[in-house]
Structure formats: structure tokens, C-alpha cells
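Visitor: Pasting a structure below so you can have a look.
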Amino acid sequence: MSTRILVVYYSATGNTAKLAAALAEGAADAGADVRVRTVPETAPPEAIATNPRWQAWVDAGPHDEVATLGDLEWADGLAIGSPTRFGGPASQLKSYLDSTGGLWAQGKLVDKVATSFTTASTAHGGLEATVLAMNNIFYHWGAIVLPLGYGQPHLLESGNPYGGSFVSRKSAEPDKESLEALRIQGTRLATIAGYVRTGRGA
């Protein structure tokens, strides 16, 4: 049976979605069975309307199926992604994560391999803090927290060992360096989750 990888993201303008797709591609290239899911948009219409790119992304949706708790229970490995919101994940993604208490109480999140990624509009806008904040949830689950690290020379260019990230200066879309870092992260997630699943005798 293939290793099962779930990628869950929230994206306001499409940049985080592109990182999610790149990570999923890397996991699939490693032979994993991959599900890509999003979470519902809960921001008020008047807030969305203040940003033309945000409005265009919402109008173009839905972009992927909405994540369920069943998806999370299914997965051997998980990647979550969110744009940075004041040094933490967006409330839309956090709402999904906050709904996992039942699975946590049943011990169904223990030993899942988990990793995070993010986007921001400024270089010092909280990228690392956001990844670390998302990882804090994994510690409470008893998951195995997987960093991106610097295991491949390319990752020295992306510059974030905690998890894949991209700085969208002047509304730029993810560049090839960041997308390649996310592919590497996806391959790493699928590989390590596969080791763990095999070790459990699954």
C-alpha cells in the first residue's frame, strides 16, 4: 500500500495554493498517494473586496475539495500551509486544526509525520514564526515534526530550514527556487512517512 499524504492549505490569492501543489507533486513523485485539500473561506466579503487578487481568487474557486477529519485520519503524513497572519497561520486554517480534538483524544494523530509551509509579503513578516506556530499543534498531537532542513544544496537558496516559504514582494507569484524547495519537502515527507508506516507494520 502506498504511503498516504494529505496536503491542507488556506490561500487568499493563490500563492500558498501553488506551494501546496508543488509539495504534493514532490510527494507523488516519491510514490505517495496524495490528497490536496483546502479549507473554507470565512473572511467577510467586505474584507475580501479590499484586495483585488483576493477577490479574484475567491471568484475563481472552488480550487480543491474541502478538508475533512476523515482525510486527516486517512493520512500517514500531513503538510499544512497558510499565508502568514501577524506571525501565525490564518484563522481559516487554524479553524480546521482546532476541530481535531476528537481525533487527538482517541490517539489517532500520534506518530503522523507532519510538516508546514507558508507565504508572506515581506522578508521579515513572520515566516518562521508562522511555521513554528503551526508545528506547535503537531507537538500536542504527538506527531513527528518534520523540518525541511538543509539536506540538499538547493535549500541553501530558499533559506528556511523550518519549512518551505516564499516572500511575495509586490504581489509576485512563487519563484522556481521556492517551488523546488516545496517539491523537496514533499518528497522528504513521503519518504519519512513511508519509513514510519513500514515500521508500524502497516
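By convention in this document, the chains of the C-alpha cells carry letters A, B, ... by their order, each chain's residues are numbered from 1, and ligands are numbered from 1 in the order they are shown.
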Determine, counting only C-alpha atoms, which protein, DNA and RNA residues have an atom within 12 Å of an atom of Ala105 in chain A; residues of the same chain fewer than 6 positions away are not included. Present the result as an MDAnalysis selection string.

Guide: chainID A and resid 99 140:142

Visitor: May I have the residues from that selection written out with C-alpha atoms, as a JSON list (two decimals), in the first residue's frame?

Guide:
[["chain", "number", "residue", "atom", "x", "y", "z"],
["A", 99, "SER", "CA", -11.52, 20.83, 15.10],
["A", 140, "HIS", "CA", 0.32, 18.41, 21.03],
["A", 141, "TRP", "CA", -0.90, 15.69, 18.68],
["A", 142, "GLY", "CA", 2.16, 13.57, 19.35]]

Visitor: Which residue is closest to Tyr9 in chain A? Choose from A:Gly186, A:Pro89, A:Pro44, A:Gly125 and count only C-alpha atoms.

Guide: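 Among A:Gly186, A:Pro89, A:Pro44, A:Gly125, it is A:Pro89 that comes nearest to Tyr9 in chain A.
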
Visitor: Distance CA of Val196 in chain A-CA of Gly88 in chain A, one decimal place?

Guide: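 Between these atoms lies a distance of 28.6 Å.
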
Visitor: Give the alpha helix (DSSP H) residues of range 67-157 of chain A, as DSSP finds them on the backbone, and put them as a PyMOL selection string.

Guide: chain A and resi 69-74+91-98+101-105+127-141+155-157

Visitor: Could you write out, as a VMD selection string, all the residues of range 3-200 of chain A that DSSP marks as strand (DSSP E or B)?

Guide: chain A and resid 4 to 9 33 to 38 65 to 66 77 to 85 88 to 89 113 to 120 144 to 145 165 to 167

Visitor: Determine, counting only C-alpha atoms, which protein, DNA and RNA residues have an atom within 9 Å of an atom of Thr13 in chain A; residues of the same chain fewer than 3 positions away are not included. Present the result as an MDAnalysis selection string.

Guide: chainID A and resid 16:17 51:58

Visitor: I need the chosen residues saved as a short mmCIF file (atom, residue, chain, number, x, y, z; two decimals), in the first residue's frame, with C-alpha atoms.

Guide:
data_model
loop_
_atom_site.label_atom_id
_atom_site.label_comp_id
_atom_site.auth_asym_id
_atom_site.auth_seq_id
_atom_site.Cartn_x
_atom_site.Cartn_y
_atom_site.Cartn_z
CA THR A 16 0.02 29.27 -0.91
CA ALA A 17 -2.01 27.03 -3.20
CA ASN A 51 -7.80 43.20 -2.25
CA PRO A 52 -8.41 42.59 -5.98
CA ARG A 53 -6.21 39.47 -6.01
CA TRP A 54 -8.05 38.02 -3.03
CA GLN A 55 -11.40 38.74 -4.69
CA ALA A 56 -10.24 37.18 -7.96
CA TRP A 57 -9.07 34.02 -6.16
CA VAL A 58 -12.37 33.65 -4.33
#
